[in-house]
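This report refers to the structure that appears directly beneath it.
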Amino acid sequence: MGMFVADLARMRDFYTRVLGFTVTDTGALDLMSETPPRRLEFVFLSRDPHEHHQIVLATGKPEKLSFNPINQISFRMAEFSGLREMYRRVVDEQVKELHPVSHGNALSVYFHDPEGNRLELFVDTPWYVQQPLRVPMDMRLADAELWSWAEREASKYPGFKPVEEWRAELARRMAAR
């Protein structure tokens, strides 16, 4: 994913220091297709040594935008302990619009980066629940208590079933196309 930013240094700091991305490359490129040519600065970021970049930050975001076309940028966490650690970091960072929620099929933490883009950090659950669903979640609960709450809560909603059952049904539907 690539996004234009207004303050490259601030965004680089946030994505590396808070979210744990590593800078894999930096550089500049002249856009010769524009008149006059415009020079863009780039920062390439990754959290996976097999991926050169998962995010590219590029200068050039217009000063005034009437609408942010990014609904959200979602990042899957490998495990719940990682989500909990990231939650701690963003609380310490005093981010805007911090919302931990359960979607039934995922446990998520939403917040805004320094330029107002909504980010989602999430872990999958072992359940499927019909979407959209958004239930506020209390990250102060101990892990076992939170997971127990999440399952009880998800089981209240339409379509609740083991995610593997849902995936098998989806695979059959896709194969029939």
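If you're wondering about the labels, chains in the structure tokens are A, B, ... by order shown, residues count from 1 in each chain, ligands from 1 in order shown.
The alpha helix (DSSP H) portion of region 106-170 of chain A consists of Asp143, Ala144, Glu145, Leu146, Trp147, Ser148, Trp149, Ala150, Glu151, Arg152, Glu153, Ala154, Val163, Glu164, Glu165, Trp166, Arg167, Ala168, Glu169 and Leu170 of chain A, with states taken from DSSP on the backbone.
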Which neighbours of Arg134 (chain A) fall inside 7 Å, counting only C-alpha atoms, when residues of the same chain fewer than 3 positions from it are skipped, and could you give them as a list of chain:residue names? A:Val101, A:Ser102, A:His103
Prev. selection, all heavy atoms, output as a PDB file, in the first residue's frame:
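Written out: selection.pdb:
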```pdb
ATOM      1  N   VAL A 101     -12.492  -3.082  19.429  1.00  0.00           N
ATOM      2  CA  VAL A 101     -13.796  -3.678  19.145  1.00  0.00           C
ATOM      3  C   VAL A 101     -13.648  -5.149  18.780  1.00  0.00           C
ATOM      4  O   VAL A 101     -12.585  -5.599  18.355  1.00  0.00           O
ATOM      5  CB  VAL A 101     -14.529  -2.955  17.985  1.00  0.00           C
ATOM      6  CG1 VAL A 101     -14.743  -1.488  18.290  1.00  0.00           C
ATOM      7  CG2 VAL A 101     -13.815  -3.144  16.673  1.00  0.00           C
ATOM      8  N   SER A 102     -14.770  -5.857  18.926  1.00  0.00           N
ATOM      9  CA  SER A 102     -14.876  -7.211  18.392  1.00  0.00           C
ATOM     10  C   SER A 102     -15.789  -7.151  17.177  1.00  0.00           C
ATOM     11  O   SER A 102     -16.846  -6.523  17.217  1.00  0.00           O
ATOM     12  CB  SER A 102     -15.473  -8.165  19.425  1.00  0.00           C
ATOM     13  OG  SER A 102     -15.749  -9.417  18.812  1.00  0.00           O
ATOM     14  N   HIS A 103     -15.345  -7.811  16.110  1.00  0.00           N
ATOM     15  CA  HIS A 103     -16.192  -7.982  14.933  1.00  0.00           C
ATOM     16  C   HIS A 103     -16.760  -9.404  14.916  1.00  0.00           C
ATOM     17  O   HIS A 103     -17.372  -9.801  13.940  1.00  0.00           O
ATOM     18  CB  HIS A 103     -15.388  -7.770  13.646  1.00  0.00           C
ATOM     19  CG  HIS A 103     -14.893  -6.377  13.471  1.00  0.00           C
ATOM     20  ND1 HIS A 103     -15.728  -5.292  13.345  1.00  0.00           N
ATOM     21  CD2 HIS A 103     -13.636  -5.882  13.384  1.00  0.00           C
ATOM     22  CE1 HIS A 103     -15.009  -4.193  13.190  1.00  0.00           C
ATOM     23  NE2 HIS A 103     -13.734  -4.530  13.220  1.00  0.00           N
TER      24      HIS A 103
END
```
Neighbour list for region 109-120 of chain A as number ranges by chain, cut-off 8 Å, only C-alpha atoms, skip fewer than 6 positions in-chain: A: 5-6, 10-11, 14, 68, 70-75, 83, 87, 95-101
For Glu63 (chain A), which residue among A:Lys161, A:Leu170, A:Gly82, A:Asp7 is the nearest when counting only C-alpha atoms? A:Asp7
Counting only C-alpha atoms, what is within 12 Å of Arg12 (chain A), bar same-chain residues fewer than 5 positions away, as a PyMOL selection string? chain A and resi 3+5-7+17-26+41-46+55-59+113-115
From a DSSP calculation on the backbone, collect every residue of region 80-143 of chain A in strand (DSSP E) and output the set as a PyMOL selection string. chain A and resi 96-102+106-112+118-124+127-128+135-136
Could you tell me how far CA of Asn105 (chain A) sits from CA of Glu164 (chain A), in Å to one decimal place? 11.3 Å
